[in-house]
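To be precise, the following lines are coords28.txt, and they hold compact mmCIF, C-alpha atoms and all ligand atoms.
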# COMPACT_ATOMS: atom_id res chain seq x y z
CA MET A 18 8.01 -7.83 -11.15
CA ALA A 19 5.63 -5.85 -8.98
CA ALA A 20 7.20 -2.55 -7.94
CA THR A 21 7.52 0.19 -10.57
CA GLU A 22 8.58 3.84 -10.53
CA SER A 23 4.92 4.85 -10.24
CA ASN A 24 4.12 2.10 -7.72
CA PRO A 25 7.36 1.75 -5.75
CA ILE A 26 8.37 -0.29 -2.73
CA ILE A 27 7.74 1.71 0.45
CA PHE A 28 10.76 1.75 2.74
CA TYR A 29 10.36 2.85 6.37
CA ASP A 30 13.46 4.51 7.77
CA LEU A 31 14.21 6.49 10.94
CA LYS A 32 14.12 10.27 11.03
CA ALA A 33 16.94 12.54 12.21
CA ALA A 34 16.49 16.07 13.59
CA PRO A 35 15.29 18.15 10.59
CA GLU A 36 17.82 20.91 11.35
CA LEU A 37 20.66 18.41 10.80
CA PRO A 38 20.34 17.45 7.11
CA GLU A 39 23.76 15.75 7.19
CA ALA A 40 22.41 13.31 9.81
CA LYS A 41 19.54 12.18 7.54
CA ALA A 42 19.43 8.37 7.14
CA TRP A 43 21.46 7.53 10.23
CA SER A 44 20.44 4.04 11.33
CA PRO A 45 22.80 1.08 10.68
CA SER A 46 19.93 -1.39 10.30
CA THR A 47 17.91 0.66 7.85
CA TRP A 48 21.07 1.39 5.86
CA LYS A 49 21.37 -2.34 5.24
CA THR A 50 18.03 -2.11 3.46
CA ARG A 51 18.82 1.11 1.59
CA LEU A 52 22.05 -0.43 0.26
CA THR A 53 20.09 -3.55 -0.63
CA LEU A 54 17.44 -1.62 -2.57
CA ASN A 55 20.00 0.59 -4.32
CA TYR A 56 22.20 -2.37 -5.27
CA LYS A 57 19.25 -4.17 -6.80
CA ARG A 58 18.17 -0.93 -8.54
CA LEU A 59 14.61 -1.34 -7.32
CA PRO A 60 12.15 1.57 -7.36
CA TYR A 61 11.38 2.68 -3.81
CA LYS A 62 10.18 5.61 -1.77
CA THR A 63 11.38 6.29 1.77
CA ILE A 64 9.07 7.26 4.60
CA TYR A 65 11.00 8.70 7.53
CA VAL A 66 9.48 7.87 10.92
CA CYS A 67 10.37 9.28 14.36
CA LEU A 68 11.77 6.63 16.72
CA ALA A 69 9.00 7.46 19.17
CA ASP A 70 6.43 6.63 16.46
CA VAL A 71 7.87 3.34 15.17
CA ALA A 72 5.54 1.15 17.26
CA SER A 73 2.35 3.09 16.42
CA THR A 74 3.31 3.32 12.72
CA LEU A 75 3.88 -0.43 12.45
CA GLN A 76 0.72 -1.17 14.44
CA SER A 77 -1.24 0.99 12.00
CA LEU A 78 0.07 -1.31 9.24
CA GLY A 79 -1.41 -4.25 11.17
CA LEU A 80 1.90 -5.53 12.58
CA GLY A 81 2.24 -6.93 16.08
CA PRO A 82 5.34 -7.01 18.30
CA LEU A 83 8.30 -9.08 17.09
CA GLU A 84 8.20 -12.60 18.49
CA GLY A 85 9.62 -12.83 21.99
CA ARG A 86 10.18 -9.08 22.18
CA ALA A 87 8.72 -6.47 24.48
CA GLY A 88 9.47 -2.80 25.11
CA PRO A 89 11.26 -0.56 22.59
CA PHE A 90 12.71 -3.43 20.57
CA ALA A 91 9.31 -5.05 19.96
CA PHE A 92 8.84 -2.81 16.92
CA MET A 93 11.84 -2.02 14.77
CA LEU A 94 12.78 -0.67 11.39
CA PRO A 95 13.58 -1.35 8.59
CA VAL A 96 10.24 -2.47 7.20
CA ILE A 97 9.26 -2.48 3.53
CA ILE A 98 5.92 -2.78 1.77
CA ASP A 99 6.17 -4.40 -1.64
CA PRO A 100 3.17 -3.73 -3.91
CA THR A 101 2.85 -7.29 -5.29
CA PRO A 102 0.17 -8.23 -7.85
CA SER A 103 -1.69 -10.07 -5.07
CA GLY A 104 -1.63 -7.04 -2.77
CA PRO A 105 0.84 -5.22 -0.53
CA LYS A 106 3.34 -7.47 1.22
CA ILE A 107 5.02 -6.26 4.42
CA ILE A 108 8.49 -7.53 5.28
CA ARG A 109 10.43 -6.64 8.43
CA ASP A 110 14.11 -7.15 9.38
CA SER A 111 16.96 -6.18 7.04
CA ALA A 112 18.17 -9.74 6.37
CA GLU A 113 14.62 -11.01 5.74
CA ILE A 114 14.05 -8.07 3.40
CA ALA A 115 17.24 -8.81 1.47
CA ARG A 116 16.35 -12.52 1.11
CA TYR A 117 12.80 -11.63 0.07
CA LEU A 118 14.02 -9.16 -2.58
CA ASP A 119 16.50 -11.68 -4.02
CA ILE A 120 13.67 -14.21 -4.39
CA THR A 121 11.01 -11.76 -5.60
CA TYR A 122 13.25 -9.72 -7.91
CA PRO A 123 15.79 -12.31 -9.08
CA ASP A 124 18.77 -10.95 -10.97
CA PRO A 125 21.83 -13.21 -10.98
CA GLU A 126 24.05 -10.17 -11.60
CA ARG A 127 22.65 -8.40 -8.53
CA ALA A 128 22.06 -11.15 -6.00
CA LEU A 129 22.64 -10.14 -2.38
CA PHE A 130 23.11 -13.80 -1.50
CA PRO A 131 25.10 -15.33 -4.35
CA ARG A 132 24.50 -19.07 -4.63
CA GLY A 133 25.91 -21.02 -1.70
CA SER A 134 26.44 -17.99 0.53
CA HIS A 135 23.14 -17.91 2.47
CA ALA A 136 24.35 -19.78 5.54
CA LEU A 137 27.78 -18.11 5.61
CA GLN A 138 26.25 -14.66 5.31
CA ALA A 139 23.67 -15.37 8.03
CA TYR A 140 26.55 -16.35 10.32
CA PHE A 141 28.56 -13.28 9.31
CA ASP A 142 25.63 -10.90 9.95
CA ARG A 143 24.85 -12.38 13.34
CA ASN A 144 28.44 -12.52 14.53
CA LEU A 145 29.50 -9.10 13.31
CA ASN A 146 26.55 -7.53 15.09
CA ALA A 147 27.18 -9.53 18.25
CA SER A 148 30.93 -8.85 18.41
CA LEU A 149 30.65 -5.12 17.74
CA LEU A 150 27.64 -4.63 19.98
CA SER A 151 29.56 -4.13 23.19
CA PRO A 152 32.02 -1.46 21.90
CA CYS A 153 29.22 0.28 19.98
CA VAL A 154 26.98 0.40 23.04
CA SER A 155 29.57 2.44 24.90
CA LEU A 156 31.04 4.45 22.02
CA ILE A 157 28.19 5.28 19.68
CA ILE A 158 24.80 4.73 21.30
CA PRO A 159 25.25 7.49 23.94
CA LEU A 160 25.79 9.99 21.09
CA VAL A 161 22.67 9.08 19.09
CA PRO A 162 20.45 11.63 20.94
CA SER A 163 22.62 14.44 19.49
CA ILE A 164 21.14 13.82 16.01
CA LEU A 165 17.49 13.36 17.07
CA ASP A 166 14.68 15.88 17.49
CA GLU A 167 13.56 16.76 21.03
CA ARG A 168 10.80 14.14 21.27
CA ASP A 169 13.00 11.32 19.94
CA LYS A 170 15.84 12.46 22.18
CA GLU A 171 13.60 12.04 25.22
CA TYR A 172 12.36 8.65 23.92
CA PHE A 173 15.86 7.36 23.18
CA VAL A 174 17.38 8.46 26.49
CA ARG A 175 14.42 7.06 28.48
CA THR A 176 14.28 3.68 26.71
CA ARG A 177 18.05 3.13 26.66
CA THR A 178 18.37 4.11 30.31
CA GLU A 179 15.74 1.43 31.03
CA ILE A 180 17.54 -1.16 28.88
CA PHE A 181 21.04 -0.51 30.22
CA GLY A 182 19.88 0.05 33.80
CA ARG A 183 21.83 3.31 34.18
CA PRO A 184 21.73 6.79 32.66
CA LEU A 185 22.90 6.94 29.06
CA SER A 186 25.26 9.78 30.00
CA GLU A 187 27.20 7.39 32.27
CA ILE A 188 27.70 4.74 29.61
CA ARG A 189 30.24 6.53 27.45
CA PRO A 190 33.77 5.85 28.70
CA GLN A 191 36.04 8.79 29.48
CA GLY A 192 39.80 9.37 29.27
CA ALA A 193 41.88 6.19 29.09
CA ASP A 194 38.71 4.06 29.10
CA LEU A 195 37.63 5.76 25.88
CA ASP A 196 40.84 4.67 24.16
CA LYS A 197 40.35 1.18 25.58
CA ALA A 198 36.85 1.02 24.10
CA TRP A 199 38.21 2.00 20.67
CA GLU A 200 40.89 -0.66 21.05
CA LEU A 201 38.17 -3.21 21.78
CA PHE A 202 36.29 -2.07 18.68
CA LYS A 203 39.47 -2.40 16.61
CA ALA A 204 40.21 -5.83 18.09
CA GLU A 205 36.83 -7.04 16.80
CA LEU A 206 37.58 -5.62 13.37
CA ASP A 207 41.02 -7.32 13.49
CA VAL A 208 39.12 -10.62 13.41
CA VAL A 209 37.05 -9.56 10.41
CA ASP A 210 40.16 -8.24 8.65
CA ALA A 211 42.03 -11.51 9.23
CA ALA A 212 39.13 -13.40 7.64
CA LEU A 213 38.89 -11.00 4.69
CA GLN A 214 42.62 -11.40 4.00
CA ARG A 215 41.72 -14.90 2.83
CA ASN A 216 40.18 -13.28 -0.27
CA ASP A 217 43.68 -12.48 -1.47
CA PRO A 218 44.61 -14.42 -4.64
CA LYS A 219 47.74 -15.67 -2.85
CA HIS A 220 45.39 -17.73 -0.68
CA GLY A 221 43.38 -18.80 -3.71
CA GLY A 222 40.75 -16.07 -3.15
CA PRO A 223 39.14 -13.92 -5.84
CA GLY A 224 40.83 -10.63 -4.75
CA GLY A 225 38.76 -7.45 -4.39
CA ASP A 226 37.56 -5.23 -1.56
CA TYR A 227 34.15 -6.70 -0.77
CA VAL A 228 33.45 -9.30 1.92
CA MET A 229 33.01 -11.90 -0.84
CA GLY A 230 36.04 -10.50 -2.62
CA ASP A 231 35.07 -9.24 -6.07
CA LYS A 232 31.28 -9.52 -5.57
CA PHE A 233 29.06 -7.16 -3.55
CA SER A 234 26.68 -9.00 -1.19
CA PHE A 235 24.43 -8.45 1.83
CA ALA A 236 27.51 -8.89 4.06
CA ASP A 237 28.87 -5.60 2.69
CA CYS A 238 25.59 -3.88 3.62
CA VAL A 239 26.12 -5.08 7.21
CA VAL A 240 29.64 -3.64 7.48
CA VAL A 241 29.03 -0.45 5.50
CA GLY A 242 25.75 0.25 7.37
CA LEU A 243 27.70 0.23 10.61
CA PHE A 244 30.34 2.63 9.28
CA ILE A 245 27.72 5.02 7.92
CA TRP A 246 26.07 5.06 11.36
CA ILE A 247 29.39 5.92 13.03
CA ASN A 248 29.93 8.66 10.45
CA LYS A 249 26.49 10.17 10.94
CA VAL A 250 26.60 10.12 14.72
CA LYS A 251 30.07 11.71 14.59
CA PRO A 252 31.80 10.98 17.88
CA GLU A 253 33.80 14.21 17.45
CA ALA A 254 35.07 14.03 21.01
CA ASP A 255 37.18 11.11 19.81
CA GLY A 256 38.78 13.17 17.04
CA ASN A 257 36.50 12.00 14.19
CA ALA A 258 35.95 8.27 14.48
CA TRP A 259 35.97 7.62 10.76
CA GLU A 260 39.44 9.22 10.47
CA ARG A 261 40.56 6.61 12.97
CA ILE A 262 38.84 3.64 11.40
CA ARG A 263 39.64 4.28 7.78
CA GLY A 264 43.36 4.00 8.38
CA TRP A 265 43.07 0.64 10.12
CA HIS A 266 43.92 -2.62 8.42
CA ASN A 267 45.82 -1.13 5.56
CA GLY A 268 42.89 1.05 4.46
CA ARG A 269 40.55 -1.91 4.00
CA TRP A 270 37.45 -0.15 5.37
CA GLU A 271 37.96 2.97 3.31
CA ARG A 272 38.34 0.86 0.16
CA LEU A 273 35.11 -0.99 1.04
CA TRP A 274 33.34 2.34 1.66
CA LYS A 275 34.53 3.77 -1.69
CA LYS A 276 33.51 0.62 -3.58
CA SER A 277 30.05 0.80 -1.98
CA GLU A 278 29.51 4.52 -2.52
CA GLU A 279 27.57 3.92 -5.73
CA PHE A 280 24.86 2.23 -3.61
CA MET A 281 24.55 5.05 -1.05
CA GLN A 282 21.93 7.28 -2.71
CA VAL A 283 19.34 8.68 -0.27
CA ASP A 284 15.88 9.85 -1.40
N1 LIG A 301 17.84 -7.21 13.21
C1 LIG A 301 17.12 -6.01 12.90
C2 LIG A 301 17.54 -4.89 13.81
C3 LIG A 301 16.73 -3.64 13.58
C4 LIG A 301 17.03 -2.53 14.59
O1 LIG A 301 17.82 -2.71 15.53
N2 LIG A 301 16.37 -1.39 14.40
C5 LIG A 301 16.46 -0.28 15.32
C6 LIG A 301 17.12 0.91 14.65
S1 LIG A 301 18.83 0.62 14.27
C7 LIG A 301 15.06 0.17 15.70
O2 LIG A 301 14.19 0.25 14.86
N3 LIG A 301 14.81 0.47 16.97
C8 LIG A 301 13.52 0.91 17.45
C9 LIG A 301 13.63 1.55 18.82
O3 LIG A 301 14.76 1.71 19.27
O4 LIG A 301 12.62 1.91 19.36
C10 LIG A 301 17.37 -5.66 11.42
O5 LIG A 301 18.50 -5.85 10.95
O6 LIG A 301 16.43 -5.24 10.74

Show the structure stored in the file as structure tokens.
Ligand SMILES: N[C@@H](CCC(=O)N[C@@H](CS)C(=O)NCC(=O)O)C(=O)O
Amino acid sequence: MAATESNPIIFYDLKAAPELPEAKAWSPSTWKTRLTLNYKRLPYKTIYVCLADVASTLQSLGLGPLEGRAGPFAFMLPVIIDPTPSGPKIIRDSAEIARYLDITYPDPERALFPRGSHALQAYFDRNLNASLLSPCVSLIIPLVPSILDERDKEYFVRTRTEIFGRPLSEIRPQGADLDKAWELFKAELDVVDAALQRNDPKHGGPGGDYVMGDKFSFADCVVVGLFIWINKVKPEADGNAWERIRGWHNGRWERLWKKSEEFMQVD
């Protein structure tokens, strides 16, 4: 084992506006890694980086743009540096990081990818992100600037306006369209809920509130990371989004949140 309390893993996360301490640690992708590190009880230290500085920070570590990517998404967080005996090792992308940590710090009791689940979890991660992308783009992304400092606000609005081809302020639906967007979001979660119902012992499943039933895994980091993001960004105009979501599907998401709370420490 390489990382120790005195020589921890370095975890790069995104910074929120300093005057909003409750918004600290807001990104869904970097939460996947924080949950991963906390679950595996690995020693780590977080470095918070402004969105506008992600590219220059990663370039200063010797990283180039992600393959096939240009513009704002060419450099993304999370990134970790693991102080291995053969020198620092840089890993980027939350799923890559989780796989790397399972291999490098094996602990059968705390595997993020229990045996046989690698392919299924890769499919889950990809599809959950893809299916929730469209409702999240309209509901949550336009509110992200509200938790950023002035420079990041300008960066986020400018880059997202470029990506979406219209001003960020026009993306968020209003009135009846807002309710429709939440319905679309719920419809996507209906699909996940229907799948998770198969964990019930009456279907031969193990029971329990995690994606894999009674065992925490990387798939839980994917879902919980998304909910934490929604909580931090606080779409208050919608009457507290989490209040809405936690009652859906017979309280499934609140139970998952509560079961995962022990892995939510922030340094
Ligand atoms: N698939 C990647 C996605 C990472 C990602 O989307 N990161 C965003 C923050 S949530 C980012 O760093 N964006 C940089 C930017 O917007 O400039 C992962 O899971 O690590």

Computed gap from atom CA of A:Leu52 to atom CA of A:Tyr122 is 15.2 Å

Distance filter 9 Å around ligand LIG 301 (chain A), atoms: all atoms listed in the file, out as a ChimeraX atom specification: /A:30-31,43-50,68-72,88-96,109-114,142-143,146,172-173,176-177,239,246

Need the shell around A:Met281: protein/DNA/RNA residues with any atom at most 10 Å away, counting all atoms listed in the file. Skip same-chain ones fewer than 2 positions apart. Format as a PyMOL selection string? chain A and resi 48+51-56+241-242+245+274+277-279+283-284

Expressed in Å to a single decimal, how great is the separation between atom CA of A:Glu22 and atom CA of A:Ile97?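 A separation of 15.4 Å between them.
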
Once you add 6 Å to each side, what are the centre and edge lengths of the axis-aligned box holding all listed atoms of stretch 52-64 of chain A? One decimal in Å, as lines of an AutoDock Vina configuration file, if you can.
center_x = 15.6
center_y = 1.5
center_z = -2.0
size_x = 25.1
size_y = 23.4
size_z = 25.1

Kindly provide, as an NGL selection string, the polymer residues lying within 9 Å of (13.2, -0.5, -3.3), counting all atoms listed in the file and using the coordinates exactly as they appear in the file. :A and (20 or 25-28 or 50-51 or 53-55 or 57-63 or 97 or 99 or 118)

Please identify all polymer residues within 9 Å of stretch 216-230 of chain A, counting all atoms listed in the file, omitting same-chain residues fewer than 3 positions from it, and present them as a ChimeraX atom specification. /A:212-213,233-234,236-237,240,269-270,272-273,276-277
